[in-house]
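Novice: Input file: run-v7.cif. Contents: mmCIF, C-alpha atoms and all ligand atoms.
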data_query
loop_
_atom_site.label_atom_id
_atom_site.label_comp_id
_atom_site.auth_asym_id
_atom_site.auth_seq_id
_atom_site.Cartn_x
_atom_site.Cartn_y
_atom_site.Cartn_z
CA MET W 1 22.60 -7.36 -4.28
CA TRP W 2 23.80 -9.73 -7.01
CA ARG W 3 24.66 -12.34 -4.39
CA TYR W 4 20.96 -13.19 -4.81
CA ARG W 5 21.48 -13.70 -8.52
CA GLU W 6 19.53 -16.98 -8.58
CA TRP W 7 16.45 -14.93 -7.68
CA LEU W 8 17.25 -12.27 -10.27
CA PRO W 9 17.07 -12.05 -14.05
CA LEU W 10 20.76 -12.65 -14.78
CA GLU W 11 22.36 -15.43 -16.86
CA ASP W 12 24.94 -17.63 -15.13
CA ASP W 13 27.90 -16.16 -17.00
CA GLU W 14 26.54 -12.64 -17.24
CA GLN W 15 28.12 -9.67 -15.51
CA ALA W 16 25.72 -7.11 -14.03
CA VAL W 17 26.04 -3.36 -14.58
CA SER W 18 26.85 -2.67 -10.94
CA LEU W 19 28.15 0.00 -8.56
CA GLY W 20 27.97 -2.21 -5.47
CA GLU W 21 24.28 -1.59 -4.73
CA GLY W 22 22.50 -3.37 -1.89
CA GLY W 23 23.95 -5.01 1.20
CA THR W 24 22.65 -2.12 3.31
CA PRO W 25 22.50 -2.24 7.12
CA LEU W 26 19.44 -3.18 9.16
CA LEU W 27 19.85 -0.92 12.18
CA ASP W 28 18.25 -1.50 15.57
CA ALA W 29 16.61 1.79 16.57
CA SER W 30 16.31 0.78 20.22
CA ARG W 31 16.42 4.29 21.65
CA LEU W 32 13.56 5.44 19.44
CA ALA W 33 11.68 2.19 20.13
CA ALA W 34 11.89 2.80 23.87
CA SER W 35 10.86 6.45 23.71
CA GLU W 36 8.01 5.85 21.23
CA GLY W 37 6.63 2.64 22.71
CA PHE W 38 7.52 0.12 19.99
CA GLY W 39 8.51 -3.44 20.95
CA ARG W 40 11.23 -3.63 18.35
CA LEU W 41 12.01 -0.99 15.75
CA LEU W 42 14.47 -1.62 12.94
CA VAL W 43 15.53 0.68 10.13
CA LYS W 44 16.65 -0.69 6.77
CA ASP W 45 19.00 2.11 5.80
CA GLU W 46 18.98 2.49 2.04
CA SER W 47 20.68 5.88 2.16
CA VAL W 48 24.08 4.21 1.87
CA ASN W 49 23.42 2.80 -1.60
CA PRO W 50 25.37 4.14 -4.59
CA THR W 51 23.59 7.37 -5.71
CA GLY W 52 22.07 7.79 -2.23
CA SER W 53 18.83 5.85 -2.51
CA PHE W 54 17.28 2.44 -3.01
CA LYS W 55 16.56 3.42 -6.62
CA ALA W 56 20.04 1.99 -7.28
CA ARG W 57 18.70 -1.57 -6.88
CA GLY W 58 15.97 -1.25 -9.50
CA LEU W 59 18.01 0.69 -12.01
CA ALA W 60 21.00 -1.64 -11.73
CA ALA W 61 18.66 -4.49 -12.70
CA ALA W 62 16.88 -2.53 -15.43
CA VAL W 63 20.06 -1.20 -17.06
CA THR W 64 21.71 -4.63 -16.86
CA ARG W 65 18.85 -6.33 -18.72
CA ALA W 66 18.36 -3.47 -21.16
CA LYS W 67 22.03 -3.37 -22.11
CA ALA W 68 22.04 -7.14 -22.67
CA GLY W 69 18.93 -6.72 -24.82
CA GLY W 70 20.58 -4.12 -27.03
CA ALA W 71 19.27 -0.80 -25.67
CA THR W 72 21.40 2.09 -26.86
CA ARG W 73 19.95 4.96 -24.82
CA PHE W 74 17.64 5.50 -21.87
CA VAL W 75 14.99 7.90 -20.68
CA VAL W 76 13.23 8.25 -17.32
CA PRO W 77 10.72 10.59 -15.71
CA THR W 78 11.62 11.15 -12.07
CA ALA W 79 10.71 12.85 -8.83
CA GLY W 80 14.49 12.94 -8.29
CA ASN W 81 16.28 9.83 -7.09
CA ALA W 82 15.43 7.58 -10.04
CA GLY W 83 17.01 10.25 -12.22
CA ILE W 84 20.27 10.16 -10.26
CA ALA W 85 20.31 6.37 -10.32
CA LEU W 86 19.63 6.12 -14.06
CA SER W 87 22.29 8.74 -14.79
CA ALA W 88 24.90 6.80 -12.85
CA TYR W 89 24.00 3.32 -14.16
CA ALA W 90 23.77 4.57 -17.76
CA ALA W 91 27.25 6.05 -17.33
CA ARG W 92 28.41 2.74 -15.89
CA ALA W 93 26.99 0.97 -18.96
CA GLY W 94 28.60 3.53 -21.29
CA LEU W 95 25.24 4.65 -22.69
CA PRO W 96 23.48 8.04 -22.78
CA ALA W 97 20.46 8.97 -20.65
CA ARG W 98 17.81 11.66 -20.77
CA VAL W 99 16.01 12.60 -17.52
CA PHE W 100 12.74 14.56 -17.19
CA ALA W 101 12.32 16.04 -13.69
CA PRO W 102 10.00 18.61 -12.12
CA ARG W 103 11.53 22.08 -11.90
CA SER W 104 10.72 21.96 -8.16
CA THR W 105 13.08 18.99 -7.53
CA PRO W 106 15.66 19.74 -4.78
CA ALA W 107 18.72 21.49 -6.26
CA THR W 108 21.26 18.97 -4.98
CA ILE W 109 19.39 16.12 -6.68
CA LEU W 110 19.35 18.01 -9.99
CA ALA W 111 23.06 18.74 -9.62
CA GLN W 112 23.81 15.04 -9.09
CA ILE W 113 21.88 14.11 -12.25
CA ARG W 114 23.87 16.63 -14.27
CA CYS W 115 27.18 15.56 -12.75
CA TYR W 116 26.66 11.95 -13.87
CA GLY W 117 26.36 13.35 -17.39
CA ALA W 118 22.69 12.83 -18.13
CA ASP W 119 20.80 15.20 -20.37
CA LEU W 120 18.41 16.85 -17.87
CA GLU W 121 15.17 18.48 -18.97
CA LEU W 122 13.12 20.39 -16.36
CA ILE W 123 9.32 20.30 -16.56
CA ASP W 124 6.77 22.63 -14.97
CA GLY W 125 4.67 19.97 -13.30
CA HIS W 126 4.85 16.66 -11.43
CA ILE W 127 6.21 13.21 -12.30
CA GLY W 128 3.08 12.41 -14.31
CA ASP W 129 3.80 15.35 -16.60
CA CYS W 130 7.43 14.21 -16.84
CA GLY W 131 6.15 10.76 -17.81
CA LYS W 132 4.27 12.15 -20.81
CA ALA W 133 7.37 14.02 -21.97
CA ALA W 134 9.51 10.90 -21.48
CA ARG W 135 7.17 8.71 -23.54
CA ALA W 136 7.13 11.27 -26.35
CA TRP W 137 10.93 11.41 -26.28
CA ALA W 138 11.15 7.59 -26.31
CA THR W 139 8.87 7.40 -29.36
CA GLU W 140 10.87 10.05 -31.14
CA THR W 141 14.36 8.70 -30.43
CA GLY W 142 14.01 4.98 -29.72
CA ALA W 143 15.32 5.48 -26.18
CA LEU W 144 14.22 2.83 -23.69
CA ASP W 145 11.75 4.21 -21.13
CA VAL W 146 12.70 2.79 -17.71
CA SER W 147 9.81 4.39 -15.77
CA THR W 148 8.41 2.49 -12.82
CA LEU W 149 6.62 -0.68 -14.00
CA ARG W 150 6.84 0.20 -17.71
CA GLU W 151 9.71 -2.27 -17.94
CA PRO W 152 9.77 -5.49 -15.91
CA TYR W 153 13.14 -5.42 -14.16
CA ARG W 154 13.25 -2.51 -11.72
CA ILE W 155 10.86 -4.48 -9.57
CA GLU W 156 13.17 -7.52 -9.75
CA GLY W 157 15.99 -5.40 -8.33
CA LYS W 158 13.69 -4.19 -5.56
CA LYS W 159 12.99 -7.78 -4.56
CA THR W 160 16.45 -7.80 -2.99
CA LEU W 161 15.12 -5.46 -0.27
CA GLY W 162 13.00 -8.36 0.92
CA LEU W 163 15.69 -11.01 0.45
CA GLU W 164 18.21 -8.99 2.47
CA LEU W 165 15.70 -8.30 5.19
CA ALA W 166 14.92 -12.02 5.54
CA GLU W 167 18.61 -12.96 5.60
CA GLN W 168 19.46 -10.24 8.13
CA LEU W 169 16.67 -11.56 10.38
CA SER W 170 17.91 -15.18 10.04
CA TRP W 171 15.13 -16.12 7.61
CA THR W 172 12.31 -14.75 9.66
CA LEU W 173 10.28 -11.67 8.81
CA PRO W 174 9.02 -8.82 11.00
CA ASP W 175 5.38 -8.39 12.03
CA ALA W 176 5.03 -5.12 10.13
CA ILE W 177 6.80 -3.22 7.37
CA VAL W 178 6.23 0.51 6.98
CA TYR W 179 7.12 1.74 3.52
CA PRO W 180 7.02 5.24 1.98
CA THR W 181 4.96 4.71 -1.15
CA GLY W 182 5.20 6.70 -4.36
CA GLY W 183 5.10 4.44 -7.42
CA GLY W 184 5.12 1.42 -5.12
CA THR W 185 7.96 -0.57 -6.73
CA GLY W 186 9.59 -1.44 -3.41
CA LEU W 187 6.35 -2.55 -1.84
CA ILE W 188 5.30 -4.64 -4.84
CA GLY W 189 8.81 -6.10 -5.22
CA MET W 190 9.01 -7.11 -1.56
CA TRP W 191 5.56 -8.66 -1.59
CA LYS W 192 6.53 -10.63 -4.72
CA THR W 193 9.72 -11.93 -3.13
CA PHE W 194 8.09 -12.81 0.21
CA ASN W 195 5.62 -14.98 -1.69
CA GLU W 196 8.42 -16.49 -3.79
CA MET W 197 10.46 -17.23 -0.65
CA ARG W 198 7.48 -18.85 1.04
CA ASP W 199 6.63 -20.91 -2.05
CA GLY W 200 10.28 -21.96 -2.28
CA GLY W 201 10.35 -23.06 1.36
CA TRP W 202 12.93 -20.47 2.44
CA ILE W 203 10.71 -18.97 5.11
CA ASP W 204 7.65 -20.09 6.98
CA GLY W 205 5.20 -18.46 9.29
CA PRO W 206 3.01 -15.51 8.40
CA LEU W 207 4.25 -12.82 6.04
CA PRO W 208 4.57 -9.24 7.37
CA ARG W 209 1.70 -6.80 7.31
CA MET W 210 2.63 -4.19 4.71
CA TYR W 211 1.78 -0.55 5.43
CA ALA W 212 2.07 2.25 2.87
CA VAL W 213 2.81 5.77 4.13
CA GLN W 214 2.09 8.85 2.03
CA SER W 215 1.99 12.60 2.59
CA THR W 216 -1.38 14.25 3.20
CA GLY W 217 -0.36 16.47 0.24
CA CYS W 218 -0.42 13.47 -2.13
CA ALA W 219 -2.18 10.37 -0.81
CA PRO W 220 -3.93 8.54 -3.68
CA VAL W 221 -3.09 5.09 -2.27
CA VAL W 222 -4.39 5.94 1.21
CA GLU W 223 -7.60 7.33 -0.26
CA ALA W 224 -8.17 4.25 -2.45
CA PHE W 225 -7.38 1.90 0.44
CA ASP W 226 -9.82 3.68 2.75
CA GLN W 227 -12.54 3.65 0.07
CA ARG W 228 -11.94 -0.06 -0.63
CA ALA W 229 -11.31 0.87 -4.27
CA GLU W 230 -9.31 -1.33 -6.63
CA ARG W 231 -7.62 1.59 -8.31
CA CYS W 232 -6.42 5.05 -7.31
CA THR W 233 -8.02 8.28 -8.42
CA ALA W 234 -5.34 10.70 -9.62
CA TRP W 235 -4.50 13.21 -6.86
CA PRO W 236 -5.35 16.64 -8.29
CA ASP W 237 -2.67 18.95 -6.91
CA PRO W 238 0.21 16.93 -5.40
CA VAL W 239 2.36 18.94 -2.98
CA THR W 240 4.94 17.49 -0.56
CA VAL W 241 8.59 18.01 0.38
CA ALA W 242 9.00 14.23 0.16
CA ALA W 243 9.68 14.30 -3.58
CA GLY W 244 9.58 10.49 -3.91
CA LEU W 245 6.01 10.48 -2.61
CA ARG W 246 4.80 13.07 -5.10
CA VAL W 247 3.25 10.49 -7.44
CA PRO W 248 -0.40 11.48 -8.05
CA GLY W 249 -1.38 8.45 -10.15
CA PRO W 250 0.78 5.35 -9.60
CA LEU W 251 0.71 2.95 -12.57
CA GLY W 252 0.94 -0.05 -10.24
CA ASP W 253 -2.01 0.99 -8.08
CA ARG W 254 -3.81 -2.39 -8.31
CA LEU W 255 -0.68 -4.26 -7.30
CA ILE W 256 0.03 -1.89 -4.40
CA LEU W 257 -3.52 -2.11 -3.08
CA SER W 258 -3.67 -5.89 -3.36
CA ALA W 259 -0.33 -6.28 -1.53
CA LEU W 260 -1.60 -4.08 1.31
CA ARG W 261 -4.86 -6.04 1.53
CA GLU W 262 -3.45 -9.56 1.08
CA SER W 263 -0.90 -8.88 3.81
CA GLY W 264 -3.47 -7.58 6.29
CA GLY W 265 -1.73 -4.21 6.38
CA GLY W 266 -2.99 -0.78 5.45
CA ALA W 267 -2.22 2.77 4.41
CA VAL W 268 -1.75 5.97 6.35
CA SER W 269 -0.98 9.58 5.47
CA VAL W 270 1.08 12.03 7.52
CA THR W 271 1.59 15.77 7.18
CA ASP W 272 4.81 17.23 5.82
CA ALA W 273 5.47 18.64 9.31
CA ALA W 274 5.16 15.15 10.80
CA LEU W 275 7.38 13.48 8.21
CA THR W 276 10.02 16.19 8.54
CA ASP W 277 9.96 15.69 12.29
CA GLY W 278 10.31 11.93 11.73
CA ALA W 279 13.46 12.52 9.67
CA THR W 280 14.85 14.84 12.34
CA GLN W 281 14.26 12.22 15.04
CA LEU W 282 15.96 9.49 12.99
CA MET W 283 18.98 11.78 12.57
CA ARG W 284 19.22 13.12 16.12
CA VAL W 285 18.22 10.06 18.12
CA GLU W 286 19.74 7.31 15.96
CA GLY W 287 22.29 9.03 13.70
CA ILE W 288 20.56 7.89 10.51
CA ASP W 289 20.58 10.36 7.58
CA ALA W 290 16.88 10.06 6.79
CA ALA W 291 15.29 11.44 3.64
CA PRO W 292 11.87 13.05 4.18
CA GLU W 293 10.39 9.78 2.82
CA GLY W 294 12.28 7.84 5.50
CA GLY W 295 10.98 10.29 8.09
CA ALA W 296 7.48 9.54 6.82
CA THR W 297 7.83 5.90 7.88
CA LEU W 298 8.52 6.87 11.50
CA ALA W 299 5.63 9.34 11.47
CA GLY W 300 3.39 6.70 9.88
CA ALA W 301 4.44 4.01 12.37
CA ARG W 302 3.61 6.38 15.24
CA GLU W 303 0.13 6.90 13.82
CA LEU W 304 -0.38 3.15 13.28
CA LEU W 305 0.68 2.50 16.89
CA ARG W 306 -1.74 5.15 18.09
CA ARG W 307 -4.57 3.52 16.09
CA GLY W 308 -3.68 0.05 17.41
CA ALA W 309 -2.86 -1.31 13.92
CA ILE W 310 0.69 -1.79 15.22
CA GLN W 311 0.77 -3.39 18.68
CA PRO W 312 3.43 -2.58 21.31
CA GLN W 313 4.87 -6.12 21.07
CA ASP W 314 5.25 -6.05 17.26
CA SER W 315 8.59 -6.01 15.47
CA VAL W 316 8.48 -3.19 12.95
CA VAL W 317 10.80 -2.41 10.04
CA LEU W 318 10.96 1.12 8.65
CA PHE W 319 12.53 1.82 5.27
CA ASN W 320 14.79 4.84 5.05
CA THR W 321 14.69 4.83 1.28
CA GLY W 322 17.16 7.64 0.65
CA ALA W 323 19.77 10.04 1.99
CA GLY W 324 18.63 13.25 3.63
CA TRP W 325 21.60 15.29 2.39
CA LEU W 326 20.28 15.16 -1.17
CA TYR W 327 17.28 17.26 -0.12
CA ARG W 328 19.29 20.03 1.55
CA GLY W 329 20.35 22.96 -0.56
C1 LIG W 401 11.24 6.74 -5.25
C2 LIG W 401 11.30 6.96 -3.81
C3 LIG W 401 10.26 6.53 -2.96
C4 LIG W 401 9.03 5.86 -3.48
O1 LIG W 401 9.35 4.57 -3.89
P1 LIG W 401 8.38 3.62 -4.66
O2 LIG W 401 8.96 2.26 -4.49
O3 LIG W 401 8.33 4.06 -6.07
O4 LIG W 401 7.04 3.73 -4.01
C5 LIG W 401 10.43 6.70 -1.60
N1 LIG W 401 11.52 7.29 -1.10
C6 LIG W 401 12.53 7.73 -1.86
C7 LIG W 401 13.70 8.40 -1.21
C8 LIG W 401 12.46 7.58 -3.25
O5 LIG W 401 13.47 8.01 -4.01
#
For this file, produce the structure as structure tokens.

Specialist:
Amino acid sequence: MWRYREWLPLEDDEQAVSLGEGGTPLLDASRLAASEGFGRLLVKDESVNPTGSFKARGLAAAVTRAKAGGATRFVVPTAGNAGIALSAYAARAGLPARVFAPRSTPATILAQIRCYGADLELIDGHIGDCGKAARAWATETGALDVSTLREPYRIEGKKTLGLELAEQLSWTLPDAIVYPTGGGTGLIGMWKTFNEMRDGGWIDGPLPRMYAVQSTGCAPVVEAFDQRAERCTAWPDPVTVAAGLRVPGPLGDRLILSALRESGGGAVSVTDAALTDGATQLMRVEGIDAAPEGGATLAGARELLRRGAIQPQDSVVLFNTGAGWLYRG
């Protein structure tokens, strides 16, 4: 992703803390498009990133800047994949990391965090509870807290999702983007970069409509969008197999909601059964190892097509944000 270094917070002579993140394929899902009634359906497959998810982009940027700024240790609360990514990038930087994760996190994800050498602490609760523990640990030890939007650079790394998409589509953008939304970094980062690209004259024409997909078991953004609220109300009892979507109170709620509204998009929730089926279809019909969150984008796009928010002639990009194998076992 550092080929876009002019758009990123990196000095000219500075070397990034990198594992080769980004540069992921944009796959034409033409068989699914035909069977489901989409004009054009593309999948940005983030499962092939180092550490198995798009979290690699944000944490590569955050660890790079933090190391340059003198950080000596890191901490992160996670629903899973951010913990793997921090563990790997901290190792790459030669610095220690502490990860707070819910006890209910899939076992393979927890194993990956441990294998990269992070100090893993399990919490009875959700990512919000892990966040409290992480902030207390940061205060106590001086570790840098790299939680979503509590430092400025993860979102800069996520901008490269939008830059790559534009380049892969020859500097045009699709009609609609369907994004599985937890903390919202990817959505906010893409919206930031689309506006930067337009202001810089790199693209013209309308920007894509941005759609957030959540699970019906944890849908604070969908609820706030439907109620025309500016902020989310914390979801009381978040339950979903899509661990990355189990974020009951996203810190960046205002930014998420304004991106959805400014873009003319929206928000939709799908059941865990529907998102699991979406992942199965992406695997069986297109050979893409979809995480449950990636499956949610197909399920969400189906619902948006049914409602008429997505039209049959639209070009639609789904984000498969992570690898499905991490959730098995
Ligand atoms: C973190 C995560 C999400 C949610 O991403 P945000 O940008 O924080 O909304 C979605 N899918 C997967 C696989 C994740 O790891």

Novice: When the cut-off is 8 Å and you count only C-alpha atoms and all ligand atoms, which residues lie near ligand LIG 401 (chain W), shown as a ChimeraX atom specification?

Specialist: /W:53-55,79-82,148,179-188,242-245,291-294,320-323

Novice: Out of W:Leu260, W:Ile288, W:Val241, W:Leu120, which residue has the shortest atom-to-atom distance to Arg228 in chain W when counting all atoms listed in the file?

Specialist: W:Leu260

Novice: Between CA of Gly131 in chain W and CA of Arg150 in chain W, what distance in Å does the model show, to one decimal?

Specialist: 10.6 Å

Novice: Could I get the residues of range 17-120 of chain W with an atom no further than 10 Å from an atom of range 295-310 of chain W, each paired with its nearest atom pair and that distance in Å to one decimal, using all atoms listed in the file, sorted by chain and residue number, as JSON lines?

Specialist:
{"residue": "W:Leu32", "atom": "CA", "partner": "W:Leu298", "partner_atom": "CA", "distance": 9.5}
{"residue": "W:Glu36", "atom": "CA", "partner": "W:Arg302", "partner_atom": "CA", "distance": 7.5}
{"residue": "W:Gly37", "atom": "CA", "partner": "W:Leu305", "partner_atom": "CA", "distance": 8.3}
{"residue": "W:Phe38", "atom": "CA", "partner": "W:Leu305", "partner_atom": "CA", "distance": 7.9}
{"residue": "W:Gly39", "atom": "CA", "partner": "W:Ile310", "partner_atom": "CA", "distance": 9.8}
{"residue": "W:Leu41", "atom": "CA", "partner": "W:Leu298", "partner_atom": "CA", "distance": 9.6}
{"residue": "W:Val43", "atom": "CA", "partner": "W:Leu298", "partner_atom": "CA", "distance": 9.5}

Novice: Using all atoms listed in the file for the distances, tell me which of W:Met283, W:Met197, W:Val270, W:Cys130 is nearest to Trp325 in chain W.

Specialist: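 Closest candidate: W:Met283.
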
Novice: Looking at all atoms listed in the file, which of W:Arg198, W:Arg103, W:Lys158, W:Lys44 is the one that sits closest to Leu59 in chain W?

Specialist: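 Comparing W:Arg198, W:Arg103, W:Lys158, W:Lys44 against Leu59 in chain W, the winner is W:Lys158.
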
Novice: If you measure from CA of Phe100 in chain W to CA of Arg135 in chain W, what distance in Å do you get, rounded to one decimal?

Specialist: 10.3 Å

Novice: Using only C-alpha atoms, which protein or nucleic acid residues come within 8 Å of Ser18 in chain W? Drop anything in the same chain fewer than 5 positions from it, and give the result as a count of residues only.

Specialist: 3

Novice: Given 8 Å of margin on each side, can you work out the centre and size in Å (one decimal) of an axis-aligned box holding every listed atom of range 98-111 of chain W, as AutoDock Vina command-line options?

Specialist:
--center_x 16.5 --center_y 16.9 --center_z -12.8 --size_x 29.1 --size_y 26.4 --size_z 32.0

Novice: Which residue out of W:Pro208, W:Gly278, W:Gly142, W:Pro236 has the minimum interatomic distance to Arg261 in chain W when only C-alpha atoms are used?

Specialist: W:Pro208

Novice: Please indicate the distance in Å from CA of Thr233 in chain W to CA of Val213 in chain W, rounded to one decimal place.

Specialist: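 We find that CA of Thr233 in chain W and CA of Val213 in chain W lie 16.8 Å from each other.
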
Novice: Given the choices W:Ser35, W:Thr271, W:Ser263, W:Gln168, which gets closest to Gly23 in chain W if the distance is worked out from all atoms listed in the file?

Specialist: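 Checking each of W:Ser35, W:Thr271, W:Ser263, W:Gln168 against Gly23 in chain W, counting all atoms listed in the file, the winner is W:Gln168.
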
Novice: For range 113-122 of chain W, where the input has fewer atoms than it should, I would like all heavy atoms rebuilt and written as a compact mmCIF listing (two decimals), in the frame of the given file.

Specialist:
# COMPACT_ATOMS: atom_id res chain seq x y z
N ILE W 113 22.27 14.64 -10.94
CA ILE W 113 21.88 14.11 -12.25
C ILE W 113 22.79 14.68 -13.34
O ILE W 113 23.33 13.96 -14.17
CB ILE W 113 20.40 14.44 -12.56
CG1 ILE W 113 19.48 13.70 -11.58
CG2 ILE W 113 20.03 14.11 -14.00
CD1 ILE W 113 18.01 14.14 -11.62
N ARG W 114 23.01 15.99 -13.27
CA ARG W 114 23.87 16.63 -14.27
C ARG W 114 25.30 16.12 -14.16
O ARG W 114 25.97 15.89 -15.16
CB ARG W 114 23.88 18.15 -14.09
CG ARG W 114 22.58 18.81 -14.49
CD ARG W 114 22.77 20.33 -14.65
NE ARG W 114 21.48 20.97 -14.87
CZ ARG W 114 20.74 21.52 -13.90
NH1 ARG W 114 21.18 21.51 -12.64
NH2 ARG W 114 19.59 22.07 -14.19
N CYS W 115 25.78 15.97 -12.94
CA CYS W 115 27.18 15.56 -12.75
C CYS W 115 27.45 14.17 -13.29
O CYS W 115 28.56 13.88 -13.73
CB CYS W 115 27.57 15.62 -11.28
SG CYS W 115 27.76 17.31 -10.69
N TYR W 116 26.47 13.28 -13.28
CA TYR W 116 26.66 11.95 -13.87
C TYR W 116 26.53 12.00 -15.39
O TYR W 116 26.63 10.97 -16.06
CB TYR W 116 25.67 10.94 -13.30
CG TYR W 116 26.04 10.44 -11.91
CD1 TYR W 116 25.23 10.70 -10.82
CD2 TYR W 116 27.19 9.69 -11.71
CE1 TYR W 116 25.56 10.24 -9.55
CE2 TYR W 116 27.53 9.21 -10.45
CZ TYR W 116 26.71 9.49 -9.37
OH TYR W 116 27.04 9.03 -8.13
N GLY W 117 26.29 13.18 -15.94
CA GLY W 117 26.36 13.35 -17.39
C GLY W 117 25.07 13.13 -18.14
O GLY W 117 25.07 13.09 -19.38
N ALA W 118 23.96 12.99 -17.41
CA ALA W 118 22.69 12.83 -18.13
C ALA W 118 22.24 14.15 -18.72
O ALA W 118 22.65 15.22 -18.27
CB ALA W 118 21.62 12.29 -17.20
N ASP W 119 21.40 14.05 -19.72
CA ASP W 119 20.80 15.20 -20.37
C ASP W 119 19.51 15.48 -19.59
O ASP W 119 18.58 14.70 -19.63
CB ASP W 119 20.56 14.72 -21.81
CG ASP W 119 19.85 15.72 -22.65
OD1 ASP W 119 19.78 16.88 -22.25
OD2 ASP W 119 19.35 15.31 -23.72
N LEU W 120 19.52 16.58 -18.79
CA LEU W 120 18.41 16.85 -17.87
C LEU W 120 17.47 17.89 -18.44
O LEU W 120 17.90 18.97 -18.83
CB LEU W 120 18.97 17.33 -16.52
CG LEU W 120 17.96 17.80 -15.48
CD1 LEU W 120 17.05 16.66 -15.03
CD2 LEU W 120 18.69 18.39 -14.27
N GLU W 121 16.18 17.55 -18.47
CA GLU W 121 15.17 18.48 -18.97
C GLU W 121 14.19 18.76 -17.82
O GLU W 121 13.61 17.82 -17.26
CB GLU W 121 14.45 17.79 -20.14
CG GLU W 121 13.35 18.58 -20.78
CD GLU W 121 13.84 19.44 -21.96
OE1 GLU W 121 14.97 19.22 -22.43
OE2 GLU W 121 13.07 20.33 -22.36
N LEU W 122 14.03 20.04 -17.46
CA LEU W 122 13.12 20.39 -16.36
C LEU W 122 11.72 20.67 -16.89
O LEU W 122 11.55 21.28 -17.94
CB LEU W 122 13.65 21.62 -15.61
CG LEU W 122 15.02 21.41 -14.95
CD1 LEU W 122 15.49 22.68 -14.27
CD2 LEU W 122 14.97 20.26 -13.96
